[in-house]
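data.pdb (PDB, N, CA and C atoms) appears below.
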ATOM      1  N   MET A   1      32.339  26.564  -6.421
ATOM      2  CA  MET A   1      33.240  25.428  -6.461
ATOM      3  C   MET A   1      34.664  25.980  -6.505
ATOM      4  N   ASN A   2      35.518  25.434  -5.646
ATOM      5  CA  ASN A   2      36.895  25.917  -5.665
ATOM      6  C   ASN A   2      37.629  25.369  -6.885
ATOM      7  N   LYS A   3      38.770  25.970  -7.172
ATOM      8  CA  LYS A   3      39.509  25.637  -8.393
ATOM      9  C   LYS A   3      39.962  24.179  -8.425
ATOM     10  N   THR A   4      40.448  23.670  -7.311
ATOM     11  CA  THR A   4      40.909  22.281  -7.269
ATOM     12  C   THR A   4      39.782  21.316  -7.602
ATOM     13  N   ARG A   5      38.631  21.535  -6.998
ATOM     14  CA  ARG A   5      37.474  20.662  -7.272
ATOM     15  C   ARG A   5      37.012  20.801  -8.721
ATOM     16  N   TRP A   6      37.051  22.026  -9.255
ATOM     17  CA  TRP A   6      36.658  22.271 -10.635
ATOM     18  C   TRP A   6      37.549  21.471 -11.585
ATOM     19  N   ILE A   7      38.870  21.520 -11.366
ATOM     20  CA  ILE A   7      39.801  20.784 -12.224
ATOM     21  C   ILE A   7      39.599  19.281 -12.080
ATOM     22  N   GLN A   8      39.366  18.809 -10.858
ATOM     23  CA  GLN A   8      39.108  17.374 -10.645
ATOM     24  C   GLN A   8      37.857  16.933 -11.401
ATOM     25  N   THR A   9      36.838  17.777 -11.396
ATOM     26  CA  THR A   9      35.600  17.443 -12.105
ATOM     27  C   THR A   9      35.831  17.433 -13.607
ATOM     28  N   VAL A  10      36.561  18.417 -14.110
ATOM     29  CA  VAL A  10      36.893  18.452 -15.542
ATOM     30  C   VAL A  10      37.683  17.195 -15.915
ATOM     31  N   ASP A  11      38.681  16.841 -15.120
ATOM     32  CA  ASP A  11      39.468  15.631 -15.388
ATOM     33  C   ASP A  11      38.591  14.384 -15.416
ATOM     34  N   ARG A  12      37.695  14.265 -14.445
ATOM     35  CA  ARG A  12      36.813  13.091 -14.380
ATOM     36  C   ARG A  12      35.942  13.000 -15.631
ATOM     37  N   LEU A  13      35.359  14.112 -16.040
ATOM     38  CA  LEU A  13      34.495  14.120 -17.222
ATOM     39  C   LEU A  13      35.288  13.833 -18.493
ATOM     40  N   MET A  14      36.467  14.415 -18.602
ATOM     41  CA  MET A  14      37.291  14.180 -19.787
ATOM     42  C   MET A  14      37.743  12.727 -19.865
ATOM     43  N   LYS A  15      38.139  12.165 -18.727
ATOM     44  CA  LYS A  15      38.557  10.762 -18.715
ATOM     45  C   LYS A  15      37.388   9.842 -19.064
ATOM     46  N   ARG A  16      36.222  10.157 -18.541
ATOM     47  CA  ARG A  16      35.039   9.337 -18.801
ATOM     48  C   ARG A  16      34.659   9.348 -20.285
ATOM     49  N   ASP A  17      34.654  10.528 -20.876
ATOM     50  CA  ASP A  17      34.140  10.654 -22.242
ATOM     51  C   ASP A  17      35.209  10.594 -23.329
ATOM     52  N   TRP A  18      36.428  10.982 -23.019
ATOM     53  CA  TRP A  18      37.453  11.121 -24.060
ATOM     54  C   TRP A  18      38.742  10.372 -23.743
ATOM     55  N   CYS A  19      38.848   9.759 -22.568
ATOM     56  CA  CYS A  19      40.046   9.007 -22.151
ATOM     57  C   CYS A  19      41.299   9.873 -22.084
ATOM     58  N   ILE A  20      41.127  11.150 -21.813
ATOM     59  CA  ILE A  20      42.249  12.043 -21.576
ATOM     60  C   ILE A  20      41.906  12.911 -20.369
ATOM     61  N   ASP A  21      42.925  13.525 -19.801
ATOM     62  CA  ASP A  21      42.675  14.492 -18.740
ATOM     63  C   ASP A  21      43.259  15.832 -19.167
ATOM     64  N   THR A  22      43.265  16.801 -18.279
ATOM     65  CA  THR A  22      43.728  18.131 -18.641
ATOM     66  C   THR A  22      45.210  18.137 -19.010
ATOM     67  N   VAL A  23      46.005  17.287 -18.373
ATOM     68  CA  VAL A  23      47.430  17.199 -18.707
ATOM     69  C   VAL A  23      47.593  16.632 -20.115
ATOM     70  N   ASP A  24      46.885  15.535 -20.412
ATOM     71  CA  ASP A  24      46.949  14.926 -21.740
ATOM     72  C   ASP A  24      46.500  15.911 -22.825
ATOM     73  N   ALA A  25      45.531  16.750 -22.479
ATOM     74  CA  ALA A  25      44.975  17.711 -23.434
ATOM     75  C   ALA A  25      45.890  18.918 -23.634
ATOM     76  N   GLY A  26      46.940  19.016 -22.827
ATOM     77  CA  GLY A  26      47.881  20.116 -22.966
ATOM     78  C   GLY A  26      47.409  21.416 -22.343
ATOM     79  N   LEU A  27      46.454  21.319 -21.415
ATOM     80  CA  LEU A  27      45.954  22.516 -20.737
ATOM     81  C   LEU A  27      46.877  22.881 -19.588
ATOM     82  N   ASP A  28      47.323  24.120 -19.572
ATOM     83  CA  ASP A  28      48.199  24.538 -18.490
ATOM     84  C   ASP A  28      47.408  25.241 -17.387
ATOM     85  N   GLU A  29      48.100  25.517 -16.306
ATOM     86  CA  GLU A  29      47.474  26.118 -15.118
ATOM     87  C   GLU A  29      46.794  27.449 -15.440
ATOM     88  N   ALA A  30      47.420  28.264 -16.282
ATOM     89  CA  ALA A  30      46.851  29.581 -16.622
ATOM     90  C   ALA A  30      45.533  29.429 -17.388
ATOM     91  N   GLU A  31      45.482  28.501 -18.337
ATOM     92  CA  GLU A  31      44.244  28.282 -19.092
ATOM     93  C   GLU A  31      43.127  27.792 -18.180
ATOM     94  N   LEU A  32      43.448  26.808 -17.349
ATOM     95  CA  LEU A  32      42.443  26.268 -16.443
ATOM     96  C   LEU A  32      41.947  27.333 -15.474
ATOM     97  N   SER A  33      42.844  28.142 -14.977
ATOM     98  CA  SER A  33      42.460  29.225 -14.064
ATOM     99  C   SER A  33      41.517  30.208 -14.742
ATOM    100  N   ARG A  34      41.784  30.529 -15.985
ATOM    101  CA  ARG A  34      40.945  31.473 -16.710
ATOM    102  C   ARG A  34      39.515  30.956 -16.849
ATOM    103  N   TYR A  35      39.369  29.701 -17.242
ATOM    104  CA  TYR A  35      38.019  29.142 -17.405
ATOM    105  C   TYR A  35      37.311  29.016 -16.062
ATOM    106  N   TRP A  36      38.043  28.645 -15.043
ATOM    107  CA  TRP A  36      37.449  28.541 -13.709
ATOM    108  C   TRP A  36      37.001  29.916 -13.230
ATOM    109  N   GLN A  37      37.848  30.926 -13.386
ATOM    110  CA  GLN A  37      37.521  32.276 -12.943
ATOM    111  C   GLN A  37      36.351  32.875 -13.720
ATOM    112  N   ASP A  38      36.182  32.453 -14.968
ATOM    113  CA  ASP A  38      35.065  32.940 -15.776
ATOM    114  C   ASP A  38      33.738  32.320 -15.338
ATOM    115  N   GLY A  39      33.796  31.349 -14.433
ATOM    116  CA  GLY A  39      32.578  30.715 -13.933
ATOM    117  C   GLY A  39      32.035  29.630 -14.845
ATOM    118  N   GLU A  40      32.865  29.171 -15.758
ATOM    119  CA  GLU A  40      32.457  28.119 -16.691
ATOM    120  C   GLU A  40      32.193  26.827 -15.915
ATOM    121  N   GLU A  41      31.041  26.227 -16.137
ATOM    122  CA  GLU A  41      30.738  24.938 -15.510
ATOM    123  C   GLU A  41      31.660  23.866 -16.102
ATOM    124  N   PRO A  42      32.127  22.908 -15.298
ATOM    125  CA  PRO A  42      33.014  21.875 -15.823
ATOM    126  C   PRO A  42      32.442  21.138 -17.031
ATOM    127  N   SER A  43      31.180  20.768 -16.986
ATOM    128  CA  SER A  43      30.592  20.029 -18.112
ATOM    129  C   SER A  43      30.534  20.889 -19.377
ATOM    130  N   ALA A  44      30.246  22.175 -19.229
ATOM    131  CA  ALA A  44      30.210  23.074 -20.389
ATOM    132  C   ALA A  44      31.613  23.259 -20.960
ATOM    133  N   PHE A  45      32.596  23.374 -20.084
ATOM    134  CA  PHE A  45      33.972  23.507 -20.548
ATOM    135  C   PHE A  45      34.400  22.267 -21.320
ATOM    136  N   VAL A  46      34.121  21.086 -20.779
ATOM    137  CA  VAL A  46      34.512  19.837 -21.442
ATOM    138  C   VAL A  46      33.818  19.718 -22.797
ATOM    139  N   ALA A  47      32.529  20.039 -22.860
ATOM    140  CA  ALA A  47      31.799  19.976 -24.134
ATOM    141  C   ALA A  47      32.410  20.940 -25.154
ATOM    142  N   TRP A  48      32.708  22.161 -24.718
ATOM    143  CA  TRP A  48      33.315  23.149 -25.613
ATOM    144  C   TRP A  48      34.681  22.669 -26.098
ATOM    145  N   PHE A  49      35.511  22.185 -25.181
ATOM    146  CA  PHE A  49      36.856  21.734 -25.530
ATOM    147  C   PHE A  49      36.791  20.584 -26.536
ATOM    148  N   ALA A  50      35.904  19.632 -26.301
ATOM    149  CA  ALA A  50      35.772  18.482 -27.191
ATOM    150  C   ALA A  50      35.320  18.914 -28.582
ATOM    151  N   GLU A  51      34.386  19.841 -28.631
ATOM    152  CA  GLU A  51      33.910  20.324 -29.933
ATOM    153  C   GLU A  51      35.009  21.103 -30.652
ATOM    154  N   LYS A  52      35.691  21.965 -29.931
ATOM    155  CA  LYS A  52      36.757  22.788 -30.518
ATOM    156  C   LYS A  52      37.843  21.918 -31.141
ATOM    157  N   HIS A  53      38.181  20.821 -30.470
ATOM    158  CA  HIS A  53      39.271  19.961 -30.928
ATOM    159  C   HIS A  53      38.778  18.717 -31.655
ATOM    160  N   ASP A  54      37.481  18.670 -31.938
ATOM    161  CA  ASP A  54      36.877  17.579 -32.711
ATOM    162  C   ASP A  54      37.255  16.205 -32.143
ATOM    163  N   LEU A  55      37.107  16.077 -30.819
ATOM    164  CA  LEU A  55      37.436  14.813 -30.167
ATOM    165  C   LEU A  55      36.385  13.754 -30.492
ATOM    166  N   ILE A  56      36.829  12.527 -30.532
ATOM    167  CA  ILE A  56      35.937  11.397 -30.774
ATOM    168  C   ILE A  56      35.647  10.755 -29.429
ATOM    169  N   ARG A  57      34.348  10.667 -29.101
ATOM    170  CA  ARG A  57      33.932  10.140 -27.803
ATOM    171  C   ARG A  57      34.370   8.689 -27.644
ATOM    172  N   TYR A  58      34.885   8.393 -26.468
ATOM    173  CA  TYR A  58      35.295   7.038 -26.115
ATOM    174  C   TYR A  58      34.059   6.220 -25.769
ATOM    175  N   GLU A  59      33.918   5.078 -26.388
ATOM    176  CA  GLU A  59      32.811   4.177 -26.078
ATOM    177  C   GLU A  59      33.393   2.922 -25.450
ATOM    178  N   ARG A  60      32.968   2.645 -24.224
ATOM    179  CA  ARG A  60      33.505   1.490 -23.501
ATOM    180  C   ARG A  60      33.159   0.170 -24.165
ATOM    181  N   ASN A  61      31.959   0.056 -24.698
ATOM    182  CA  ASN A  61      31.534  -1.180 -25.322
ATOM    183  C   ASN A  61      30.878  -0.849 -26.660
ATOM    184  N   PRO A  62      31.665  -0.813 -27.727
ATOM    185  CA  PRO A  62      31.106  -0.400 -28.999
ATOM    186  C   PRO A  62      30.199  -1.456 -29.651
ATOM    187  N   PHE A  63      30.163  -2.662 -29.101
ATOM    188  CA  PHE A  63      29.347  -3.727 -29.671
ATOM    189  C   PHE A  63      27.985  -3.769 -28.998
ATOM    190  N   ARG A  64      26.954  -3.853 -29.798
ATOM    191  CA  ARG A  64      25.608  -3.963 -29.225
ATOM    192  C   ARG A  64      25.400  -5.377 -28.691
ATOM    193  N   PRO A  65      24.649  -5.499 -27.603
ATOM    194  CA  PRO A  65      24.372  -6.843 -27.061
ATOM    195  C   PRO A  65      23.723  -7.735 -28.130
ATOM    196  N   GLY A  66      24.164  -8.966 -28.156
ATOM    197  CA  GLY A  66      23.576  -9.926 -29.081
ATOM    198  C   GLY A  66      24.242  -9.932 -30.443
ATOM    199  N   ARG A  67      25.201  -9.063 -30.644
ATOM    200  CA  ARG A  67      25.919  -9.036 -31.924
ATOM    201  C   ARG A  67      27.205  -9.834 -31.809
ATOM    202  N   ALA A  68      27.540 -10.529 -32.850
ATOM    203  CA  ALA A  68      28.769 -11.339 -32.852
ATOM    204  C   ALA A  68      29.960 -10.522 -33.268
TER
END
Write-out of the structure in structure tokens:
Amino acid sequence: MNKTRWIQTVDRLMKRDWCIDTVDAGLDEAELSRYWQDGEEPSAFVAWFAEKHDLIRYERNPFRPGRA
């Protein structure tokens, strides 16, 4: 996977689960390049980043169906 696609995938996963992207997370080009060059899968990188920074997962609908 090329670097551009890798970053796009990381952004998509971060936005989906945490409502932030790499810019919001403060990741610069050098950091992203390092993880991409290390062969880190986008999903593994996002999971590691979220755990490291103790992110709280975004839930689109926190109410269970049938609850008032």
Near-stretch 8-18 of chain A list (5 Å; all atoms listed in the file; drop same-chain fewer than 4 positions) as a short mmCIF file (atom, residue, chain, number, x, y, z; two decimals) with N, CA and C atoms, in the frame of the given file:
data_model
loop_
_atom_site.label_atom_id
_atom_site.label_comp_id
_atom_site.auth_asym_id
_atom_site.auth_seq_id
_atom_site.Cartn_x
_atom_site.Cartn_y
_atom_site.Cartn_z
N THR A 4 40.45 23.67 -7.31
CA THR A 4 40.91 22.28 -7.27
C THR A 4 39.78 21.32 -7.60
N THR A 22 43.26 16.80 -18.28
CA THR A 22 43.73 18.13 -18.64
C THR A 22 45.21 18.14 -19.01
N ARG A 57 34.35 10.67 -29.10
CA ARG A 57 33.93 10.14 -27.80
C ARG A 57 34.37 8.69 -27.64
N TYR A 58 34.88 8.39 -26.47
CA TYR A 58 35.30 7.04 -26.12
C TYR A 58 34.06 6.22 -25.77
#
Discussion item. Env of A:Leu55: 12 Å cut, atoms = only C-alpha atoms, seq-sep filter 6 positions within chain, self excluded. Answer as a ChimeraX atom specification.
Written reply: /A:14,17-20,25,46-49
Let's have the selection written as a PDB file, keeping the file's coordinate frame, with N, CA and C atoms.
ATOM      1  N   MET A  14      36.467  14.415 -18.602  1.00  0.00           N
ATOM      2  CA  MET A  14      37.291  14.180 -19.787  1.00  0.00           C
ATOM      3  C   MET A  14      37.743  12.727 -19.865  1.00  0.00           C
ATOM      4  N   ASP A  17      34.654  10.528 -20.876  1.00  0.00           N
ATOM      5  CA  ASP A  17      34.140  10.654 -22.242  1.00  0.00           C
ATOM      6  C   ASP A  17      35.209  10.594 -23.329  1.00  0.00           C
ATOM      7  N   TRP A  18      36.428  10.982 -23.019  1.00  0.00           N
ATOM      8  CA  TRP A  18      37.453  11.121 -24.060  1.00  0.00           C
ATOM      9  C   TRP A  18      38.742  10.372 -23.743  1.00  0.00           C
ATOM     10  N   CYS A  19      38.848   9.759 -22.568  1.00  0.00           N
ATOM     11  CA  CYS A  19      40.046   9.007 -22.151  1.00  0.00           C
ATOM     12  C   CYS A  19      41.299   9.873 -22.084  1.00  0.00           C
ATOM     13  N   ILE A  20      41.127  11.150 -21.813  1.00  0.00           N
ATOM     14  CA  ILE A  20      42.249  12.043 -21.576  1.00  0.00           C
ATOM     15  C   ILE A  20      41.906  12.911 -20.369  1.00  0.00           C
ATOM     16  N   ALA A  25      45.531  16.750 -22.479  1.00  0.00           N
ATOM     17  CA  ALA A  25      44.975  17.711 -23.434  1.00  0.00           C
ATOM     18  C   ALA A  25      45.890  18.918 -23.634  1.00  0.00           C
ATOM     19  N   VAL A  46      34.121  21.086 -20.779  1.00  0.00           N
ATOM     20  CA  VAL A  46      34.512  19.837 -21.442  1.00  0.00           C
ATOM     21  C   VAL A  46      33.818  19.718 -22.797  1.00  0.00           C
ATOM     22  N   ALA A  47      32.529  20.039 -22.860  1.00  0.00           N
ATOM     23  CA  ALA A  47      31.799  19.976 -24.134  1.00  0.00           C
ATOM     24  C   ALA A  47      32.410  20.940 -25.154  1.00  0.00           C
ATOM     25  N   TRP A  48      32.708  22.161 -24.718  1.00  0.00           N
ATOM     26  CA  TRP A  48      33.315  23.149 -25.613  1.00  0.00           C
ATOM     27  C   TRP A  48      34.681  22.669 -26.098  1.00  0.00           C
ATOM     28  N   PHE A  49      35.511  22.185 -25.181  1.00  0.00           N
ATOM     29  CA  PHE A  49      36.856  21.734 -25.530  1.00  0.00           C
ATOM     30  C   PHE A  49      36.791  20.584 -26.536  1.00  0.00           C
TER      31      PHE A  49
END
Mind giving me the axis-aligned box for stretch 7-17 of chain A with 6 Å on every side, centre plus edges in Å to one decimal, as JSON?
{"center_x": 37.0, "center_y": 15.4, "center_z": -17.0, "size_x": 17.7, "size_y": 24.2, "size_z": 24.7}
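What separates atom CA of A:Lys3 from atom C of A:Gly26 is a distance of 16.6 Å.
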Residue set, chain A restricted to helix (DSSP H, G or I), as an mmCIF file with N, CA and C atoms, in the frame of the given file:
data_model
loop_
_atom_site.group_PDB
_atom_site.id
_atom_site.type_symbol
_atom_site.label_atom_id
_atom_site.label_comp_id
_atom_site.auth_asym_id
_atom_site.auth_seq_id
_atom_site.Cartn_x
_atom_site.Cartn_y
_atom_site.Cartn_z
ATOM 1 N N LYS A 3 38.770 25.970 -7.172
ATOM 2 C CA LYS A 3 39.509 25.637 -8.393
ATOM 3 C C LYS A 3 39.962 24.179 -8.425
ATOM 4 N N THR A 4 40.448 23.670 -7.311
ATOM 5 C CA THR A 4 40.909 22.281 -7.269
ATOM 6 C C THR A 4 39.782 21.316 -7.602
ATOM 7 N N ARG A 5 38.631 21.535 -6.998
ATOM 8 C CA ARG A 5 37.474 20.662 -7.272
ATOM 9 C C ARG A 5 37.012 20.801 -8.721
ATOM 10 N N TRP A 6 37.051 22.026 -9.255
ATOM 11 C CA TRP A 6 36.658 22.271 -10.635
ATOM 12 C C TRP A 6 37.549 21.471 -11.585
ATOM 13 N N ILE A 7 38.870 21.520 -11.366
ATOM 14 C CA ILE A 7 39.801 20.784 -12.224
ATOM 15 C C ILE A 7 39.599 19.281 -12.080
ATOM 16 N N GLN A 8 39.366 18.809 -10.858
ATOM 17 C CA GLN A 8 39.108 17.374 -10.645
ATOM 18 C C GLN A 8 37.857 16.933 -11.401
ATOM 19 N N THR A 9 36.838 17.777 -11.396
ATOM 20 C CA THR A 9 35.600 17.443 -12.105
ATOM 21 C C THR A 9 35.831 17.433 -13.607
ATOM 22 N N VAL A 10 36.561 18.417 -14.110
ATOM 23 C CA VAL A 10 36.893 18.452 -15.542
ATOM 24 C C VAL A 10 37.683 17.195 -15.915
ATOM 25 N N ASP A 11 38.681 16.841 -15.120
ATOM 26 C CA ASP A 11 39.468 15.631 -15.388
ATOM 27 C C ASP A 11 38.591 14.384 -15.416
ATOM 28 N N ARG A 12 37.695 14.265 -14.445
ATOM 29 C CA ARG A 12 36.813 13.091 -14.380
ATOM 30 C C ARG A 12 35.942 13.000 -15.631
ATOM 31 N N LEU A 13 35.359 14.112 -16.040
ATOM 32 C CA LEU A 13 34.495 14.120 -17.222
ATOM 33 C C LEU A 13 35.288 13.833 -18.493
ATOM 34 N N MET A 14 36.467 14.415 -18.602
ATOM 35 C CA MET A 14 37.291 14.180 -19.787
ATOM 36 C C MET A 14 37.743 12.727 -19.865
ATOM 37 N N LYS A 15 38.139 12.165 -18.727
ATOM 38 C CA LYS A 15 38.557 10.762 -18.715
ATOM 39 C C LYS A 15 37.388 9.842 -19.064
ATOM 40 N N ARG A 16 36.222 10.157 -18.541
ATOM 41 C CA ARG A 16 35.039 9.337 -18.801
ATOM 42 C C ARG A 16 34.659 9.348 -20.285
ATOM 43 N N ASP A 17 34.654 10.528 -20.876
ATOM 44 C CA ASP A 17 34.140 10.654 -22.242
ATOM 45 C C ASP A 17 35.209 10.594 -23.329
ATOM 46 N N TRP A 18 36.428 10.982 -23.019
ATOM 47 C CA TRP A 18 37.453 11.121 -24.060
ATOM 48 C C TRP A 18 38.742 10.372 -23.743
ATOM 49 N N GLU A 29 48.100 25.517 -16.306
ATOM 50 C CA GLU A 29 47.474 26.118 -15.118
ATOM 51 C C GLU A 29 46.794 27.449 -15.440
ATOM 52 N N ALA A 30 47.420 28.264 -16.282
ATOM 53 C CA ALA A 30 46.851 29.581 -16.622
ATOM 54 C C ALA A 30 45.533 29.429 -17.388
ATOM 55 N N GLU A 31 45.482 28.501 -18.337
ATOM 56 C CA GLU A 31 44.244 28.282 -19.092
ATOM 57 C C GLU A 31 43.127 27.792 -18.180
ATOM 58 N N LEU A 32 43.448 26.808 -17.349
ATOM 59 C CA LEU A 32 42.443 26.268 -16.443
ATOM 60 C C LEU A 32 41.947 27.333 -15.474
ATOM 61 N N SER A 33 42.844 28.142 -14.977
ATOM 62 C CA SER A 33 42.460 29.225 -14.064
ATOM 63 C C SER A 33 41.517 30.208 -14.742
ATOM 64 N N ARG A 34 41.784 30.529 -15.985
ATOM 65 C CA ARG A 34 40.945 31.473 -16.710
ATOM 66 C C ARG A 34 39.515 30.956 -16.849
ATOM 67 N N TYR A 35 39.369 29.701 -17.242
ATOM 68 C CA TYR A 35 38.019 29.142 -17.405
ATOM 69 C C TYR A 35 37.311 29.016 -16.062
ATOM 70 N N TRP A 36 38.043 28.645 -15.043
ATOM 71 C CA TRP A 36 37.449 28.541 -13.709
ATOM 72 C C TRP A 36 37.001 29.916 -13.230
ATOM 73 N N GLN A 37 37.848 30.926 -13.386
ATOM 74 C CA GLN A 37 37.521 32.276 -12.943
ATOM 75 C C GLN A 37 36.351 32.875 -13.720
ATOM 76 N N PRO A 42 32.127 22.908 -15.298
ATOM 77 C CA PRO A 42 33.014 21.875 -15.823
ATOM 78 C C PRO A 42 32.442 21.138 -17.031
ATOM 79 N N SER A 43 31.180 20.768 -16.986
ATOM 80 C CA SER A 43 30.592 20.029 -18.112
ATOM 81 C C SER A 43 30.534 20.889 -19.377
ATOM 82 N N ALA A 44 30.246 22.175 -19.229
ATOM 83 C CA ALA A 44 30.210 23.074 -20.389
ATOM 84 C C ALA A 44 31.613 23.259 -20.960
ATOM 85 N N PHE A 45 32.596 23.374 -20.084
ATOM 86 C CA PHE A 45 33.972 23.507 -20.548
ATOM 87 C C PHE A 45 34.400 22.267 -21.320
ATOM 88 N N VAL A 46 34.121 21.086 -20.779
ATOM 89 C CA VAL A 46 34.512 19.837 -21.442
ATOM 90 C C VAL A 46 33.818 19.718 -22.797
ATOM 91 N N ALA A 47 32.529 20.039 -22.860
ATOM 92 C CA ALA A 47 31.799 19.976 -24.134
ATOM 93 C C ALA A 47 32.410 20.940 -25.154
ATOM 94 N N TRP A 48 32.708 22.161 -24.718
ATOM 95 C CA TRP A 48 33.315 23.149 -25.613
ATOM 96 C C TRP A 48 34.681 22.669 -26.098
ATOM 97 N N PHE A 49 35.511 22.185 -25.181
ATOM 98 C CA PHE A 49 36.856 21.734 -25.530
ATOM 99 C C PHE A 49 36.791 20.584 -26.536
ATOM 100 N N ALA A 50 35.904 19.632 -26.301
ATOM 101 C CA ALA A 50 35.772 18.482 -27.191
ATOM 102 C C ALA A 50 35.320 18.914 -28.582
ATOM 103 N N GLU A 51 34.386 19.841 -28.631
ATOM 104 C CA GLU A 51 33.910 20.324 -29.933
ATOM 105 C C GLU A 51 35.009 21.103 -30.652
ATOM 106 N N LYS A 52 35.691 21.965 -29.931
ATOM 107 C CA LYS A 52 36.757 22.788 -30.518
ATOM 108 C C LYS A 52 37.843 21.918 -31.141
#
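Taking atom C of A:Met1 and atom CA of A:Lys52 as endpoints, the distance between them is 24.3 Å.
For the atom pair formed by atom N of A:Ser43 and atom C of A:Glu59, the distance is 19.9 Å, given to one decimal.
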Discussion item. List as a list in words the protein and nucleic acid residues near stretch 34-37 of chain A, meaning an atom at most 9 Å away when only C-alpha atoms are counted, but skip any in the same chain fewer than 2 places from it.
Written reply: Met1, Asn2, Lys3, Trp6, Ile7, Glu29, Ala30, Glu31, Leu32, Gly39, Glu40, Glu41, Pro42 and Phe45 of chain A
